[in-house]
Amino acid sequence: MLIHPDRLFPVEPAARDVARKLYSGIQDLPIVSPHGHTDPRWYAENEPFPDPATLFVIPDHYIFRMLYSQGIPLADLGIPTKDGGTVEKDPRTIWRRFAAHYHLFRGTPTRAWLDHTFATLFGFEERLSEATADHYFDRIDAALRTPEFRPRALFERFRIKAIATTESPLDPLKYHEMIRKSGWEGRVITAYRPDPVVDPEFEGFRQNLTKFGEITGCDTSTWDGYLEAHRKRRAFFREYGATSTDHGHPTARTADLSLPDADALFRRVSTSGASAEDAELFRAQMLTEMAAMSVEDGMVMQIHPGSVRNHNNAIFTRFGRDMGADIPSQTDYVRALKPLLDRFGNERDFTLIVFTLDETSYSRELAPLAGHYPALKLGPAWWFFDAPEGMRRFREMTTETAGFYNTVGFNDDTRAYLSIPARHDVARRVDCAFLANLVTTHRLDEDEAHEVAYDLAYRLAKEAYRL
């Protein structure tokens with residue numbers, strides 16, 4: 001078998017039996033995907049995916065970052081360059097390179113997701129390898145040409161209740177408009193990701209501010225006009241289903257400046273006189289401003305700091321953002337979040353969901369904060385931690401202080417559409433294994449474990465994101 005029915009379950013027989021029972025009750029629940037990075041164009045146009053390499057390899061930084069780490073050039077994997085330079089165009093060649101190096105993924109979550117997808121969607125029983133590369137390519141390629149593998153059909157096959165894409169405030173949301181006009185009933189919503197007009201160190205920031213003003217009709221050369229532009233754009237995004245905002249800042253720092261100080265800071269960052277400290281302080285102030293707007297309009301706020309983005313400057317220069325070179329860094333939350341929490345942490349109708357790449361902060365900082373402030377909830381998976389060991393450690397380090405109900409279920413962060421069910425399956429299995437150990441060590445009754453399993457798999461994400 002390519003995938004074992006007891007994968008990720010406890011080895012001890014009694015706990016494994018409980019895990020099986022818990023899993024059987026939740027394995028087919030609908031999927032709520034409130035932090036997806038899938039392309040809304042897929043659902044709008046509903047065209048066939050072109051080929052296996054374009055579907056699996058080229059868009060997925062989990063795959064190509066591992067191959068690159070072993071010396072395989074990104075151009076050889078068909079990754080497009082910023083200047084339109086020469087890259088491999090033959091999808092079968094790209095696929096063969098991937099298959100020949102599939103052993104690199106042994107023991108990784110990527111391997112678990114891929115094997116699950118290969119087995120459940122395409123019926124493979126033998127492992128992908130250099131020898132089976134063409135067999136895999138031909139079967140997948142043939143399937144992708146059928147109506148059953150078009151984006152909307154897969155959406156329904158995956159039992160997706162709702163999926164949120166993520167767009168910049170500068171995005172016209174034309175594909176969301178196409179979805180709306182098509183009459184299709186699949187719930188694909190947007191999420192407001194303001195980084196290009198909030199981060200002074202984002203490439204083209206000042207030009208982005210100008211465009212932001214043109215789109216909204218606001219004077220974005222002034223602090224008041226700039227904030228009003230955000231309010232207008234947030235309202236526009238809500239028209240297309242947005243229930244959340246998403247903030248990818250390098251740190252969790254927040255600030256609560258006086259109006260004159262905030263105005264002076266904005267003048268500096270919107271001209272050429274901003275320092276690195278100004279940029280950091282502006283991002284910090286804008287997290288608090290975004291929280292204030294969330295209190296006004298009810299949008300859930302997500303922050304995921306702790307990433308040194310685009311760490312490999314050569315790759316960033318040639319290929320751009322999101323090329324697998326975003327590296328975790330140590331993050332402070334207790335002091336960094338305090339200005340924001342001082343203002344809004346006690347608001348019962350405001351939800352701030354925090355993700356992290358610095359898992360040492362789970363038990364030391366994040367769980368105690370979430371276990372106290374009504375507004376704060378924890379996202380249990382993001383990037384490197386949407387892996388079995390990371391999920392298990394999250395439960396171990398946060399449950400004793402924050403419990404289950406100050407978390408928001410599983411949140412997949414994927415650009416690989418076909419891996420969404422696999423990621424949710426991993427999360428459900430890991431949670432069932434964790435709950436089974438609580439049951440067999442007599443810390444939780446089995447009927448309670450069934451309720452918690454349902455909540456973690458479905459209800460908490462649906463309610464936290466107001467879906």
# chains A, B, ... in the order shown; residues from 1 in each chain; ligands from 1
call {"tool": "residues_around", "arguments": {"residues": "range 278-286 of chain A", "least_positions_apart": "6", "cutoff": "7 Å", "atoms": "only C-alpha atoms", "output": "JSON, numbers by chain"}}
result
{"A": [198, 199, 200, 201, 253, 254, 255, 256, 257, 265, 269]}
call {"tool": "residues_around", "arguments": {"residues": "Ser361 in chain A", "least_positions_apart": "5", "cutoff": "9 Å", "atoms": "only C-alpha atoms", "output": "ChimeraX atom specification"}}
result
/A:330-333,356,366-367
call {"tool": "select_by_dssp", "arguments": {"residues": "range 97-246 of chain A", "states": "strand (DSSP E)", "output": "VMD selection string"}}
result
chain A and resid 160 to 164 188 to 189 244 to 246
call {"tool": "residues_around", "arguments": {"residues": "Arg159 in chain A", "least_positions_apart": "5", "cutoff": "8 Å", "atoms": "only C-alpha atoms", "output": "ChimeraX atom specification"}}
result
/A:29-31
call {"tool": "residues_around", "arguments": {"residues": "range 92-106 of chain A", "least_positions_apart": "6", "cutoff": "6 Å", "atoms": "only C-alpha atoms", "output": "list in words"}}
result
Ala53, Leu77, Ser129, Glu130 and Ala133 of chain A
call {"tool": "write_last_selection", "arguments": {"atoms": "C-alpha atoms", "output": "PDB file, in the first residue's frame"}}
result
ATOM      1  CA  ALA A  53       4.371  19.380 -13.308  1.00  0.00           C
ATOM      2  CA  LEU A  77      12.094  22.923 -12.421  1.00  0.00           C
ATOM      3  CA  SER A 129      10.413   7.051  -8.394  1.00  0.00           C
ATOM      4  CA  GLU A 130      12.574   7.509 -11.440  1.00  0.00           C
ATOM      5  CA  ALA A 133       7.862   8.683 -13.320  1.00  0.00           C
TER       6      ALA A 133
END
call {"tool": "closest_atom_pairs", "arguments": {"of": "range 74-186 of chain A", "to": "range 218-237 of chain A", "cutoff": "12 Å", "atoms": "only C-alpha atoms", "output": "Markdown table"}}
result
| residue | atom | partner | partner_atom | distance |
| --- | --- | --- | --- | --- |
| A:Ala164 | CA | A:Phe237 | CA | 11.5 |
| A:Thr165 | CA | A:Phe237 | CA | 11.4 |
| A:Thr166 | CA | A:Phe237 | CA | 10.5 |
| A:Glu167 | CA | A:Phe237 | CA | 9.1 |
| A:Ser168 | CA | A:Arg233 | CA | 9.9 |
| A:Pro169 | CA | A:Arg233 | CA | 6.4 |
| A:Leu170 | CA | A:Arg233 | CA | 8.8 |
| A:Asp171 | CA | A:Phe237 | CA | 9.8 |
| A:Pro172 | CA | A:Phe237 | CA | 9.6 |
| A:Leu173 | CA | A:Phe237 | CA | 8.2 |
| A:Lys174 | CA | A:Phe237 | CA | 11.5 |
| A:His176 | CA | A:Phe237 | CA | 9.9 |
| A:Glu177 | CA | A:Phe237 | CA | 11.0 |
call {"tool": "residues_around", "arguments": {"residues": "range 141-154 of chain A", "least_positions_apart": "2", "cutoff": "8 Å", "atoms": "only C-alpha atoms", "output": "list of chain:residue names"}}
result
A:Trp42, A:Tyr43, A:Asn46, A:Glu47, A:Pro48, A:Phe49, A:Pro50, A:Asp51, A:Pro52, A:Phe122, A:Phe137, A:Asp138, A:Arg139, A:Glu156, A:Arg157, A:Phe158, A:Gly186
call {"tool": "write_last_selection", "arguments": {"atoms": "N, CA and C atoms", "output": "compact mmCIF listing (two decimals), in the first residue's frame"}}
result
# COMPACT_ATOMS: atom_id res chain seq x y z
N TRP A 42 -8.64 29.78 -10.80
CA TRP A 42 -9.00 28.38 -11.05
C TRP A 42 -10.51 28.20 -11.00
N TYR A 43 -11.12 28.73 -9.96
CA TYR A 43 -12.56 28.53 -9.77
C TYR A 43 -13.38 29.39 -10.73
N ASN A 46 -12.51 27.71 -14.32
CA ASN A 46 -12.81 26.27 -14.27
C ASN A 46 -12.22 25.52 -15.46
N GLU A 47 -11.01 25.90 -15.84
CA GLU A 47 -10.33 25.22 -16.93
C GLU A 47 -9.53 24.03 -16.39
N PRO A 48 -9.23 23.04 -17.23
CA PRO A 48 -8.42 21.91 -16.76
C PRO A 48 -7.03 22.38 -16.32
N PHE A 49 -6.48 21.73 -15.29
CA PHE A 49 -5.08 21.98 -14.95
C PHE A 49 -4.22 21.44 -16.09
N PRO A 50 -3.16 22.15 -16.46
CA PRO A 50 -2.46 21.82 -17.71
C PRO A 50 -1.71 20.50 -17.72
N ASP A 51 -0.99 20.17 -16.65
CA ASP A 51 -0.18 18.96 -16.64
C ASP A 51 0.30 18.71 -15.22
N PRO A 52 0.83 17.52 -14.91
CA PRO A 52 1.24 17.20 -13.54
C PRO A 52 2.32 18.13 -12.98
N PHE A 122 -5.72 9.34 -7.56
CA PHE A 122 -5.29 8.73 -8.82
C PHE A 122 -5.13 7.22 -8.75
N PHE A 137 3.12 10.23 -14.58
CA PHE A 137 2.81 11.40 -15.40
C PHE A 137 1.63 11.11 -16.32
N ASP A 138 1.66 9.97 -16.99
CA ASP A 138 0.63 9.66 -17.97
C ASP A 138 -0.74 9.48 -17.31
N ARG A 139 -0.78 8.80 -16.17
CA ARG A 139 -2.07 8.58 -15.52
C ARG A 139 -2.63 9.90 -14.99
N GLU A 156 -15.94 20.26 -4.98
CA GLU A 156 -17.09 19.52 -4.47
C GLU A 156 -16.68 18.12 -4.01
N ARG A 157 -15.78 17.50 -4.72
CA ARG A 157 -15.29 16.18 -4.32
C ARG A 157 -14.56 16.24 -2.99
N PHE A 158 -13.84 17.33 -2.74
CA PHE A 158 -13.10 17.49 -1.49
C PHE A 158 -14.01 17.87 -0.32
N GLY A 186 -20.18 27.10 -5.09
CA GLY A 186 -19.02 26.90 -4.24
C GLY A 186 -18.62 28.19 -3.55
call {"tool": "closest_residue", "arguments": {"among": "A:Ile3, A:Leu259, A:Ala464, A:Val57", "to": "Thr117 in chain A", "atoms": "only C-alpha atoms"}}
result
A:Ile3
call {"tool": "residues_around", "arguments": {"residues": "Lys462 in chain A", "least_positions_apart": "5", "cutoff": "12 Å", "atoms": "only C-alpha atoms", "output": "list in words"}}
result
Pro30, Ile31, Val32, Ser33, Pro34, His35, Ile160, Lys161, Ala162, Ile163, Ala164, Thr243, Val300, Thr407, Val408, Gly409, Phe410, Asn411, Tyr454, Asp455, Leu456, Ala457 and Leu467 of chain A
call {"tool": "closest_atom_pairs", "arguments": {"of": "range 282-393 of chain A", "to": "range 427-444 of chain A", "cutoff": "7 Å", "atoms": "only C-alpha atoms", "output": "JSON lines"}}
result
{"residue": "A:Pro388", "atom": "CA", "partner": "A:Val430", "partner_atom": "CA", "distance": 6.3}
{"residue": "A:Met391", "atom": "CA", "partner": "A:Val430", "partner_atom": "CA", "distance": 6.9}
{"residue": "A:Arg392", "atom": "CA", "partner": "A:Val430", "partner_atom": "CA", "distance": 6.5}
call {"tool": "residues_around", "arguments": {"residues": "His247 in chain A", "least_positions_apart": "5", "cutoff": "10 Å", "atoms": "only C-alpha atoms", "output": "PyMOL selection string"}}
result
chain A and resi 192-195+198-199+252+283+286-287+290+301-305+354
call {"tool": "write_last_selection", "arguments": {"atoms": "N, CA and C atoms", "output": "PDB file, in the first residue's frame"}}
result
ATOM      1  N   TYR A 192      -8.363  39.990   3.179  1.00  0.00           N
ATOM      2  CA  TYR A 192      -7.686  41.275   2.977  1.00  0.00           C
ATOM      3  C   TYR A 192      -6.261  41.192   3.492  1.00  0.00           C
ATOM      4  N   ARG A 193      -5.277  41.233   2.567  1.00  0.00           N
ATOM      5  CA  ARG A 193      -3.863  41.133   2.913  1.00  0.00           C
ATOM      6  C   ARG A 193      -3.179  42.458   2.555  1.00  0.00           C
ATOM      7  N   PRO A 194      -3.087  43.422   3.501  1.00  0.00           N
ATOM      8  CA  PRO A 194      -2.659  44.774   3.138  1.00  0.00           C
ATOM      9  C   PRO A 194      -1.154  45.010   3.095  1.00  0.00           C
ATOM     10  N   ASP A 195      -0.342  43.973   3.191  1.00  0.00           N
ATOM     11  CA  ASP A 195       1.110  44.151   3.280  1.00  0.00           C
ATOM     12  C   ASP A 195       1.700  45.116   2.243  1.00  0.00           C
ATOM     13  N   VAL A 198       1.166  48.523   3.618  1.00  0.00           N
ATOM     14  CA  VAL A 198       1.371  48.678   5.052  1.00  0.00           C
ATOM     15  C   VAL A 198       2.842  48.569   5.420  1.00  0.00           C
ATOM     16  N   ASP A 199       3.593  47.837   4.623  1.00  0.00           N
ATOM     17  CA  ASP A 199       5.007  47.599   4.918  1.00  0.00           C
ATOM     18  C   ASP A 199       5.876  48.540   4.093  1.00  0.00           C
ATOM     19  N   ALA A 252       6.003  40.631  15.760  1.00  0.00           N
ATOM     20  CA  ALA A 252       4.672  40.814  16.338  1.00  0.00           C
ATOM     21  C   ALA A 252       4.529  42.178  16.995  1.00  0.00           C
ATOM     22  N   ARG A 283       4.750  49.520  10.778  1.00  0.00           N
ATOM     23  CA  ARG A 283       4.061  48.222  10.748  1.00  0.00           C
ATOM     24  C   ARG A 283       3.385  47.959  12.087  1.00  0.00           C
ATOM     25  N   MET A 286       0.293  50.005  12.436  1.00  0.00           N
ATOM     26  CA  MET A 286      -0.772  49.564  11.533  1.00  0.00           C
ATOM     27  C   MET A 286      -1.451  48.290  12.015  1.00  0.00           C
ATOM     28  N   LEU A 287      -0.750  47.431  12.757  1.00  0.00           N
ATOM     29  CA  LEU A 287      -1.446  46.291  13.352  1.00  0.00           C
ATOM     30  C   LEU A 287      -2.515  46.779  14.324  1.00  0.00           C
ATOM     31  N   MET A 290      -5.363  48.257  12.276  1.00  0.00           N
ATOM     32  CA  MET A 290      -6.171  47.199  11.676  1.00  0.00           C
ATOM     33  C   MET A 290      -7.070  46.542  12.723  1.00  0.00           C
ATOM     34  N   MET A 301      -8.969  39.072  12.536  1.00  0.00           N
ATOM     35  CA  MET A 301      -7.614  39.526  12.214  1.00  0.00           C
ATOM     36  C   MET A 301      -6.631  38.393  12.442  1.00  0.00           C
ATOM     37  N   GLN A 302      -5.812  38.097  11.434  1.00  0.00           N
ATOM     38  CA  GLN A 302      -4.781  37.065  11.542  1.00  0.00           C
ATOM     39  C   GLN A 302      -3.403  37.715  11.428  1.00  0.00           C
ATOM     40  N   ILE A 303      -2.495  37.349  12.315  1.00  0.00           N
ATOM     41  CA  ILE A 303      -1.108  37.790  12.146  1.00  0.00           C
ATOM     42  C   ILE A 303      -0.198  36.561  12.226  1.00  0.00           C
ATOM     43  N   HIS A 304       0.792  36.538  11.375  1.00  0.00           N
ATOM     44  CA  HIS A 304       1.750  35.430  11.388  1.00  0.00           C
ATOM     45  C   HIS A 304       3.157  35.982  11.243  1.00  0.00           C
ATOM     46  N   PRO A 305       3.687  36.496  12.354  1.00  0.00           N
ATOM     47  CA  PRO A 305       5.042  37.050  12.343  1.00  0.00           C
ATOM     48  C   PRO A 305       6.105  35.974  12.522  1.00  0.00           C
ATOM     49  N   VAL A 354      -3.358  34.298  16.110  1.00  0.00           N
ATOM     50  CA  VAL A 354      -1.909  34.396  15.987  1.00  0.00           C
ATOM     51  C   VAL A 354      -1.338  33.049  15.561  1.00  0.00           C
TER      52      VAL A 354
END
